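Visitor: Quick one, start.tsv (TSV, C-alpha atoms (C1' of nucleotides)):
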```tsv
chain	number	residue	atom	x	y	z
I	24	MET	CA	-31.18	-36.99	1.74
I	25	LYS	CA	-30.62	-34.07	-0.51
I	26	LEU	CA	-27.94	-33.28	-2.99
I	27	SER	CA	-25.55	-30.52	-2.00
I	28	SER	CA	-25.12	-27.55	-4.27
I	29	ARG	CA	-21.52	-28.63	-4.44
I	30	SER	CA	-22.59	-31.53	-6.61
I	31	ARG	CA	-25.16	-29.61	-8.57
I	32	TYR	CA	-22.79	-26.76	-9.38
I	33	GLY	CA	-19.81	-29.05	-9.79
I	34	PHE	CA	-21.59	-31.24	-12.32
I	35	ARG	CA	-22.71	-28.27	-14.32
I	36	ALA	CA	-19.19	-26.89	-14.30
I	37	ILE	CA	-17.49	-30.08	-15.44
I	38	LEU	CA	-20.15	-30.51	-18.07
I	39	GLU	CA	-19.19	-27.11	-19.46
I	40	LEU	CA	-15.62	-28.35	-19.66
I	41	ALA	CA	-16.79	-31.54	-21.32
I	42	VAL	CA	-18.79	-29.70	-23.95
I	43	GLU	CA	-15.79	-27.53	-24.68
I	44	TYR	CA	-13.31	-30.40	-24.67
I	45	GLY	CA	-10.73	-29.97	-27.43
I	46	ASN	CA	-11.34	-26.25	-27.85
I	47	GLY	CA	-8.70	-25.10	-25.39
I	48	PRO	CA	-9.05	-24.12	-21.76
I	49	LEU	CA	-12.16	-22.57	-20.28
I	50	GLN	CA	-11.81	-19.92	-17.61
I	51	ILE	CA	-13.52	-19.87	-14.27
I	52	LYS	CA	-15.20	-16.59	-14.94
I	53	THR	CA	-16.62	-17.90	-18.19
I	54	ILE	CA	-18.12	-20.94	-16.52
I	55	ALA	CA	-19.28	-18.88	-13.57
I	56	LYS	CA	-21.08	-16.50	-15.85
I	57	ARG	CA	-22.63	-19.19	-18.05
I	58	GLU	CA	-23.83	-21.20	-15.09
I	59	ASP	CA	-24.54	-18.28	-12.82
I	60	ILE	CA	-22.34	-19.45	-9.96
I	61	SER	CA	-20.21	-17.26	-7.71
I	62	ASN	CA	-16.74	-16.92	-9.17
I	63	LYS	CA	-14.93	-17.64	-5.96
I	64	TYR	CA	-17.12	-20.52	-4.90
I	65	LEU	CA	-16.75	-22.17	-8.26
I	66	GLU	CA	-13.02	-21.77	-7.92
I	67	GLN	CA	-13.12	-24.05	-4.89
I	68	LEU	CA	-15.29	-26.64	-6.57
I	69	ILE	CA	-12.99	-26.78	-9.56
I	70	ALA	CA	-10.07	-27.10	-7.18
I	71	MET	CA	-11.66	-30.33	-5.98
I	72	LEU	CA	-12.00	-31.56	-9.52
I	73	LYS	CA	-8.38	-30.68	-10.14
I	74	ALA	CA	-7.18	-32.35	-6.96
I	75	SER	CA	-8.86	-35.56	-8.06
I	76	GLY	CA	-7.14	-35.38	-11.42
I	77	LEU	CA	-10.26	-35.03	-13.52
I	78	VAL	CA	-9.32	-31.54	-14.59
I	79	ARG	CA	-6.09	-29.79	-15.42
I	80	SER	CA	-5.30	-26.09	-15.15
I	81	ILE	CA	-3.31	-23.66	-17.28
I	82	ARG	CA	-2.19	-20.56	-15.42
I	83	GLY	CA	-1.61	-17.08	-16.65
I	84	PRO	CA	-3.37	-15.13	-19.38
I	85	LYS	CA	-5.34	-17.28	-21.82
I	86	GLY	CA	-5.27	-19.90	-19.09
I	87	GLY	CA	-8.16	-21.84	-17.66
I	88	TYR	CA	-9.21	-25.41	-17.12
I	89	GLU	CA	-9.76	-28.45	-19.27
I	90	LEU	CA	-10.58	-32.09	-18.82
I	91	THR	CA	-7.52	-34.33	-18.53
I	92	ARG	CA	-9.32	-37.17	-20.32
I	93	PRO	CA	-11.87	-37.24	-23.10
I	94	PRO	CA	-15.44	-36.99	-21.81
I	95	SER	CA	-16.19	-40.49	-23.02
I	96	ASP	CA	-13.58	-41.69	-20.57
I	97	VAL	CA	-14.99	-40.03	-17.48
I	98	LYS	CA	-17.66	-41.92	-15.62
I	99	LEU	CA	-20.14	-39.86	-13.64
I	100	SER	CA	-19.30	-41.90	-10.57
I	101	GLU	CA	-15.83	-40.37	-10.55
I	102	VAL	CA	-17.21	-36.88	-10.64
I	103	PHE	CA	-19.80	-37.64	-8.01
I	104	ILE	CA	-17.38	-39.20	-5.57
I	105	THR	CA	-14.97	-36.34	-6.05
I	106	LEU	CA	-17.59	-33.79	-5.16
I	107	GLU	CA	-19.79	-35.64	-2.74
I	108	GLY	CA	-17.52	-38.19	-1.13
I	109	PRO	CA	-18.15	-41.92	-0.95
I	110	VAL	CA	-21.68	-42.88	-1.88
I	111	VAL	CA	-23.96	-43.70	1.09
I	112	ALA	CA	-21.08	-43.91	3.48
I	113	VAL	CA	-21.99	-46.16	6.36
I	114	GLU	CA	-18.93	-47.02	8.40
I	115	CYS	CA	-20.02	-50.61	8.86
I	116	LEU	CA	-20.00	-51.18	5.11
I	117	GLU	CA	-16.26	-50.72	5.01
I	118	HIS	CA	-15.47	-51.72	8.57
I	119	PRO	CA	-17.78	-54.57	9.54
I	120	GLU	CA	-16.07	-54.74	12.93
I	121	TYR	CA	-18.19	-51.72	13.87
I	122	CYS	CA	-21.25	-53.86	13.47
I	123	PRO	CA	-21.67	-56.09	16.53
I	124	ARG	CA	-25.44	-56.08	16.48
I	125	CYS	CA	-27.49	-58.51	14.52
I	126	THR	CA	-30.34	-56.22	13.61
I	127	GLU	CA	-27.84	-53.64	12.49
I	128	CYS	CA	-26.36	-56.08	10.06
I	129	VAL	CA	-29.76	-56.48	8.46
I	130	THR	CA	-30.12	-52.76	7.88
I	131	ARG	CA	-26.59	-52.86	6.60
I	132	ASP	CA	-27.82	-54.97	3.69
I	133	VAL	CA	-30.28	-52.22	2.85
I	134	TRP	CA	-27.56	-49.61	2.71
I	135	ALA	CA	-25.43	-51.91	0.61
I	136	LYS	CA	-28.23	-52.36	-1.89
I	137	MET	CA	-28.85	-48.64	-2.01
I	138	GLN	CA	-25.21	-48.01	-2.59
I	139	SER	CA	-24.93	-50.38	-5.49
I	140	ALA	CA	-28.12	-49.06	-7.04
I	141	ILE	CA	-26.71	-45.55	-7.02
I	142	MET	CA	-23.33	-46.64	-8.26
I	143	GLY	CA	-25.03	-48.59	-11.00
I	144	VAL	CA	-26.52	-45.43	-12.40
I	145	LEU	CA	-23.36	-43.38	-12.07
I	146	GLU	CA	-21.10	-46.06	-13.46
I	147	SER	CA	-23.26	-46.53	-16.50
I	148	MET	CA	-22.95	-42.95	-17.72
I	149	THR	CA	-20.04	-40.84	-18.92
I	150	LEU	CA	-19.65	-37.13	-19.43
I	151	GLN	CA	-19.87	-37.81	-23.13
I	152	ASN	CA	-23.42	-39.09	-22.65
I	153	LEU	CA	-24.32	-35.78	-21.06
I	154	VAL	CA	-22.58	-33.83	-23.79
I	155	ASP	CA	-24.54	-35.73	-26.41
I	156	LYS	CA	-27.80	-35.07	-24.64
I	157	THR	CA	-26.95	-31.43	-24.29
I	158	LYS	CA	-26.16	-31.01	-27.97
I	159	GLN	CA	-29.18	-33.03	-28.94
I	160	GLY	CA	-31.34	-30.75	-26.80
I	161	GLN	CA	-29.84	-27.69	-28.46
I	162	ALA	CA	-30.40	-29.12	-31.92
I	163	GLU	CA	-34.04	-29.71	-31.11
I	164	ASN	CA	-34.33	-26.12	-30.04
I	165	TYR	CA	-32.97	-25.00	-33.38
I	166	GLN	CA	-35.65	-26.94	-35.23
I	167	ILE	CA	-38.44	-25.16	-33.43
O	12	MET	CA	-23.29	-38.40	0.45
O	13	LYS	CA	-23.46	-40.13	3.76
O	14	LEU	CA	-26.35	-41.50	5.70
O	15	SER	CA	-27.28	-39.60	8.83
O	16	SER	CA	-27.31	-41.43	12.12
O	17	ARG	CA	-30.96	-40.45	12.23
O	18	SER	CA	-31.62	-43.01	9.53
O	19	ARG	CA	-29.29	-45.62	10.88
O	20	TYR	CA	-30.68	-45.42	14.40
O	21	GLY	CA	-34.23	-44.94	13.22
O	22	PHE	CA	-34.15	-48.02	11.04
O	23	ARG	CA	-32.74	-50.12	13.81
O	24	ALA	CA	-35.41	-48.84	16.17
O	25	ILE	CA	-38.35	-49.50	13.87
O	26	LEU	CA	-36.91	-52.90	13.09
O	27	GLU	CA	-37.04	-53.71	16.80
O	28	LEU	CA	-40.69	-52.75	16.74
O	29	ALA	CA	-41.23	-54.89	13.67
O	30	VAL	CA	-39.59	-57.92	15.23
O	31	GLU	CA	-41.78	-57.48	18.29
O	32	TYR	CA	-44.95	-56.80	16.32
O	33	GLY	CA	-47.94	-58.49	17.95
O	34	ASN	CA	-46.27	-58.90	21.34
O	35	GLY	CA	-47.49	-55.64	22.83
O	36	PRO	CA	-45.75	-52.28	23.07
O	37	LEU	CA	-42.04	-51.86	23.33
O	38	GLN	CA	-40.63	-49.10	25.48
O	39	ILE	CA	-38.08	-46.54	24.47
O	40	LYS	CA	-35.66	-47.53	27.15
O	41	THR	CA	-35.82	-51.13	26.01
O	42	ILE	CA	-35.02	-50.25	22.44
O	43	ALA	CA	-32.38	-47.77	23.53
O	44	LYS	CA	-30.65	-50.40	25.61
O	45	ARG	CA	-30.87	-53.10	22.96
O	46	GLU	CA	-29.60	-50.85	20.22
O	47	ASP	CA	-27.27	-48.81	22.39
O	48	ILE	CA	-28.75	-45.45	21.47
O	49	SER	CA	-29.22	-42.49	23.78
O	50	ASN	CA	-32.63	-42.68	25.42
O	51	LYS	CA	-33.48	-39.07	24.76
O	52	TYR	CA	-32.24	-38.98	21.22
O	53	LEU	CA	-34.15	-42.10	20.35
O	54	GLU	CA	-37.24	-40.49	21.81
O	55	GLN	CA	-37.05	-37.82	19.13
O	56	LEU	CA	-36.49	-40.27	16.33
O	57	ILE	CA	-39.49	-42.32	17.39
O	58	ALA	CA	-41.48	-39.11	17.57
O	59	MET	CA	-40.79	-38.68	13.87
O	60	LEU	CA	-41.97	-42.20	13.17
O	61	LYS	CA	-45.07	-41.52	15.20
O	62	ALA	CA	-45.75	-38.21	13.48
O	63	SER	CA	-45.67	-39.98	10.13
O	64	GLY	CA	-48.18	-42.54	11.35
O	65	LEU	CA	-45.91	-45.55	11.09
O	66	VAL	CA	-45.87	-46.04	14.82
O	67	ARG	CA	-48.42	-45.63	17.59
O	68	SER	CA	-47.79	-44.92	21.25
O	69	ILE	CA	-49.35	-46.08	24.48
O	70	ARG	CA	-48.74	-43.75	27.38
O	71	GLY	CA	-48.36	-44.45	31.05
O	72	PRO	CA	-46.94	-47.49	32.80
O	73	LYS	CA	-46.80	-50.59	30.62
O	74	GLY	CA	-46.89	-48.19	27.72
O	75	GLY	CA	-44.57	-47.99	24.80
O	76	TYR	CA	-44.67	-48.05	21.03
O	77	GLU	CA	-45.85	-50.41	18.37
O	78	LEU	CA	-46.22	-50.46	14.60
O	79	THR	CA	-49.59	-49.29	13.37
O	80	ARG	CA	-49.49	-51.73	10.47
O	81	PRO	CA	-48.07	-55.21	10.08
O	82	PRO	CA	-44.41	-55.19	9.04
O	83	SER	CA	-45.29	-56.77	5.72
O	84	ASP	CA	-47.28	-53.65	4.99
O	85	VAL	CA	-44.53	-51.13	5.61
O	86	LYS	CA	-42.22	-50.37	2.73
O	87	LEU	CA	-38.74	-49.24	3.61
O	88	SER	CA	-39.25	-46.19	1.44
O	89	GLU	CA	-41.83	-44.93	3.91
O	90	VAL	CA	-39.44	-45.28	6.79
O	91	PHE	CA	-36.60	-43.71	4.88
O	92	ILE	CA	-38.55	-40.69	3.73
O	93	THR	CA	-39.89	-40.17	7.23
O	94	LEU	CA	-36.42	-40.06	8.69
O	95	GLU	CA	-34.37	-38.62	5.89
O	96	GLY	CA	-36.76	-36.49	3.93
O	97	PRO	CA	-37.40	-36.73	0.20
O	98	VAL	CA	-34.87	-38.87	-1.63
O	99	VAL	CA	-32.21	-36.90	-3.57
O	100	ALA	CA	-34.12	-33.68	-3.30
O	101	VAL	CA	-33.21	-31.43	-6.16
O	102	GLU	CA	-35.61	-28.54	-6.39
O	103	CYS	CA	-35.72	-28.68	-10.16
O	104	LEU	CA	-37.06	-32.23	-10.06
O	105	GLU	CA	-40.28	-31.04	-8.49
O	106	HIS	CA	-40.24	-27.48	-9.76
O	107	PRO	CA	-38.86	-27.50	-13.29
O	108	GLU	CA	-39.44	-23.77	-13.51
O	109	TYR	CA	-36.23	-23.38	-11.45
O	110	CYS	CA	-34.36	-24.92	-14.33
O	111	PRO	CA	-33.80	-22.31	-17.04
O	112	ARG	CA	-30.42	-23.63	-18.15
O	113	CYS	CA	-30.06	-26.34	-20.72
O	114	THR	CA	-27.00	-28.00	-19.28
O	115	GLU	CA	-28.72	-28.08	-15.93
O	116	CYS	CA	-31.56	-30.01	-17.41
O	117	VAL	CA	-29.13	-32.68	-18.53
O	118	THR	CA	-27.72	-33.12	-15.05
O	119	ARG	CA	-31.29	-33.14	-13.88
O	120	ASP	CA	-31.78	-36.41	-15.74
O	121	VAL	CA	-28.92	-37.87	-13.78
O	122	TRP	CA	-30.51	-36.92	-10.47
O	123	ALA	CA	-33.80	-38.32	-11.66
O	124	LYS	CA	-32.22	-41.64	-12.51
O	125	MET	CA	-30.45	-41.76	-9.18
O	126	GLN	CA	-33.65	-41.03	-7.39
O	127	SER	CA	-35.58	-43.79	-9.05
O	128	ALA	CA	-32.75	-46.25	-8.52
O	129	ILE	CA	-32.80	-45.56	-4.80
O	130	MET	CA	-36.57	-45.64	-4.61
O	131	GLY	CA	-36.54	-48.90	-6.51
O	132	VAL	CA	-34.55	-50.53	-3.75
O	133	LEU	CA	-36.56	-49.04	-0.92
O	134	GLU	CA	-39.93	-49.73	-2.54
O	135	SER	CA	-39.06	-53.35	-3.14
O	136	MET	CA	-38.50	-54.19	0.51
O	137	THR	CA	-40.72	-54.22	3.56
O	138	LEU	CA	-39.98	-54.37	7.25
O	139	GLN	CA	-41.11	-57.98	7.14
O	140	ASN	CA	-38.26	-58.78	4.81
O	141	LEU	CA	-35.85	-57.42	7.39
O	142	VAL	CA	-37.57	-59.28	10.19
O	143	ASP	CA	-37.24	-62.50	8.23
O	144	LYS	CA	-33.58	-61.92	7.59
O	145	THR	CA	-33.00	-61.08	11.22
O	146	LYS	CA	-34.67	-64.24	12.45
O	147	GLN	CA	-32.94	-66.28	9.80
O	148	GLY	CA	-29.60	-64.89	10.96
O	149	GLN	CA	-30.41	-65.74	14.54
O	150	ALA	CA	-31.41	-69.26	13.60
O	151	GLU	CA	-28.11	-69.74	11.84
O	152	ASN	CA	-26.32	-68.62	14.95
O	153	TYR	CA	-28.14	-71.26	16.96
O	154	GLN	CA	-26.96	-74.00	14.65
O	155	ILE	CA	-23.31	-73.13	15.12
N	11	DA	C1'	11.92	-6.69	-18.25
N	12	DA	C1'	7.13	-5.19	-16.99
N	13	DG	C1'	2.31	-5.44	-16.53
N	14	DG	C1'	-1.63	-7.64	-16.58
N	15	DT	C1'	-4.24	-11.92	-16.31
N	16	DA	C1'	-5.51	-15.94	-14.43
N	17	DA	C1'	-5.04	-19.74	-11.25
N	18	DG	C1'	-3.78	-21.03	-6.21
N	19	DC	C1'	-3.94	-20.75	-1.48
N	20	DT	C1'	-5.65	-19.71	2.94
N	21	DA	C1'	-8.35	-17.66	6.15
N	22	DC	C1'	-12.62	-16.25	7.55
N	23	DC	C1'	-17.61	-16.16	8.25
N	24	DA	C1'	-22.74	-16.81	8.56
N	25	DA	C1'	-26.37	-19.96	8.43
N	26	DA	C1'	-28.18	-24.43	8.69
N	27	DA	C1'	-28.15	-29.25	9.91
N	28	DT	C1'	-26.72	-32.80	13.03
N	29	DG	C1'	-26.50	-35.19	17.14
N	30	DA	C1'	-27.38	-34.86	21.11
N	31	DT	C1'	-28.83	-33.40	26.45
N	32	DA	C1'	-32.14	-31.71	29.89
N	33	DG	C1'	-36.27	-30.71	32.37
N	34	DG	C1'	-40.70	-30.54	33.17
N	35	DA	C1'	-45.79	-31.51	31.66
N	36	DA	C1'	-49.33	-34.79	30.53
N	37	DT	C1'	-51.33	-39.28	30.76
N	38	DT	C1'	-52.30	-43.73	32.39
N	39	DT	C1'	-51.93	-47.79	35.25
N	40	DA	C1'	-52.04	-49.90	39.68
H	4	DT	C1'	-52.21	-40.89	44.85
H	5	DA	C1'	-47.73	-42.55	43.19
H	6	DA	C1'	-45.02	-44.31	39.80
H	7	DA	C1'	-44.07	-45.08	35.06
H	8	DT	C1'	-43.98	-43.64	30.75
H	9	DT	C1'	-44.68	-40.77	26.73
H	10	DC	C1'	-44.73	-35.78	25.15
H	11	DC	C1'	-43.04	-31.30	24.43
H	12	DT	C1'	-39.76	-27.67	24.17
H	13	DA	C1'	-35.57	-25.47	24.85
H	14	DT	C1'	-30.77	-25.53	24.68
H	15	DC	C1'	-26.24	-26.53	22.91
H	16	DA	C1'	-21.88	-27.97	20.80
H	17	DT	C1'	-20.05	-29.54	16.53
H	18	DT	C1'	-19.92	-30.10	11.76
H	19	DT	C1'	-21.26	-29.08	7.16
H	20	DT	C1'	-22.56	-25.95	3.74
H	21	DG	C1'	-22.27	-22.12	0.96
H	22	DG	C1'	-19.93	-18.29	0.26
H	23	DT	C1'	-16.56	-13.97	0.59
H	24	DA	C1'	-12.04	-11.86	0.61
H	25	DG	C1'	-7.31	-11.04	-0.12
H	26	DC	C1'	-2.95	-12.04	-1.09
H	27	DT	C1'	0.53	-15.11	-3.80
H	28	DT	C1'	2.27	-17.46	-7.74
H	29	DA	C1'	2.76	-18.49	-12.49
H	30	DC	C1'	2.67	-17.23	-17.17
H	31	DC	C1'	1.82	-14.76	-21.49
H	32	DT	C1'	2.27	-10.52	-24.23
H	33	DT	C1'	4.35	-6.58	-25.42
```
Any chance you could give the structure as structure tokens?
Guide:
Amino acid sequence: MKLSSRSRYGFRAILELAVEYGNGPLQIKTIAKREDISNKYLEQLIAMLKASGLVRSIRGPKGGYELTRPPSDVKLSEVFITLEGPVVAVECLEHPEYCPRCTECVTRDVWAKMQSAIMGVLESMTLQNLVDKTKQGQAENYQI
Amino acid sequence: MKLSSRSRYGFRAILELAVEYGNGPLQIKTIAKREDISNKYLEQLIAMLKASGLVRSIRGPKGGYELTRPPSDVKLSEVFITLEGPVVAVECLEHPEYCPRCTECVTRDVWAKMQSAIMGVLESMTLQNLVDKTKQGQAENYQI
DNA sequence: AAGGTAAGCTACCAAAATGATAGGAATTTA
DNA sequence: TAAATTCCTATCATTTTGGTAGCTTACCTT
């Protein structure tokens, strides 16, 4: 079970937007350059973030993207689900009618536990937490 | 992030072996029929379990497969990793040298937390736990 | 009004992973 | 020796992933 680069890139991109929140829109090419991601690929990832409403766009010159809500208001679970889809999707978790077998239902409990463990982590953190850590890390670098 | 049918089928298969532990080998076709999985596909999944040492085979007539260790001795994490590969594999978790960017390192913490949350669940349960639940469920059905 | 700048949309594509299917070889029991 | 069973390898269709390309639309500046 590995993380797709969609999530890895997407998280880095939205974190750039979070760090820059309040300073006006950030352009794709800026993010792409900072994070070393293909311009056009990033465009598609950000389109996902926009479609889910996490991000808003401004077209034309001086345009770009910005968060629609303050970073402290965006849980990582929202970002994750936008990019990666439902966490540990097992059909029988949502549609138990697909689960006639007894043994299967036992494994189902395992997947349910896994799911809530993951969601626990992602629900407990916001973009602001990541911004803080980022700035803290940079400050430490200054001291050295 | 969805679970592959490899894991779903594989877990159900090894759980059959766990339930039957001590009663002699169980054949592929038996498991396949019970769990309604393609014979040939299941063969490959069990091959993975065998390759990892969780399961042993007996060839020829009256042959089949059995757990190499008692179910109480098999953590679900072992089964999962065998079938699904390393949990939440992000290269930079094992090889931090791939992680030059500062923002990336912050997201890295998120993946690390996710990983240990998942492992926490899978390390805390054994096949025996699932066997117990299965039998418990069956007993309840008898009462009705 | 015009030109340039950026987002938006859609199609396309290559490579890898997934979920199988198939057939024959090797081994063991009876 | 014959039958049963695992073992091994190849093949294959479909989906996902990761990415490229090109044209369209909106908007700001001059």
Visitor: Could you give me, as a list in words, the residues within 8 Å of I:Ile54, counting all atoms listed in the file and dropping anything in the same chain fewer than 5 positions from it?
Guide: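 That gives Ala36, Glu39, Leu49, Asp59 and Ile60 of chain I.
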Visitor: Taking all atoms listed in the file into account, which residues of chain O are within 7 Å of chain N, as a short mmCIF file (atom, residue, chain, number, x, y, z; two decimals) with C-alpha atoms, keeping the file's coordinate frame?
Guide:
```
data_model
loop_
_atom_site.label_atom_id
_atom_site.label_comp_id
_atom_site.auth_asym_id
_atom_site.auth_seq_id
_atom_site.Cartn_x
_atom_site.Cartn_y
_atom_site.Cartn_z
CA TYR O 52 -32.24 -38.98 21.22
CA ARG O 70 -48.74 -43.75 27.38
CA GLY O 71 -48.36 -44.45 31.05
CA PRO O 72 -46.94 -47.49 32.80
#
```
Visitor: Could you make a table, as a tab-separated table, of the residues of chain O that have an atom within 9 Å of an atom of chain H, each with its nearest atom pair and distance in Å to one decimal, counting only C-alpha atoms (C1' of nucleotides), in chain and number order?
Guide:
```
residue	atom	partner	partner_atom	distance
O:Gln38	CA	H:DT8	C1'	8.3
O:Glu54	CA	H:DT9	C1'	8.9
O:Ala58	CA	H:DC10	C1'	8.9
O:Ser68	CA	H:DT9	C1'	7.5
O:Ile69	CA	H:DT9	C1'	7.4
O:Arg70	CA	H:DT9	C1'	5.1
O:Gly71	CA	H:DT8	C1'	4.5
O:Pro72	CA	H:DA7	C1'	4.4
O:Lys73	CA	H:DT8	C1'	7.5
O:Gly74	CA	H:DT8	C1'	6.2
O:Gly75	CA	H:DT8	C1'	7.4
```
Visitor: Pull out every residue of chain O that has at least one atom within 7 Å of chain I, counting all atoms listed in the file, and report them as a PyMOL selection string.
Guide: chain O and resi 12-14+22-23+95-101+113-115+117-118+124-125+128-129+132+141+144-145
Visitor: Take atom CA of I:Thr53 and atom CA of I:Ala41 and report the distance between them in Å, one decimal.
Guide: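 So the two atoms, atom CA of I:Thr53 and atom CA of I:Ala41, lie 14.0 Å apart.
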Visitor: Please compute the atom CA of O:Tyr76-atom CA of O:Pro36 distance, one decimal, in Å.
Guide: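 That distance, rounded to one decimal, is 4.8 Å.
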Visitor: Can you work out the spacing between atom CA of I:Gln159 and atom CA of I:Ser95 in Å, to one decimal?
Guide: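 Separating atom CA of I:Gln159 from atom CA of I:Ser95 is a distance of 16.1 Å.
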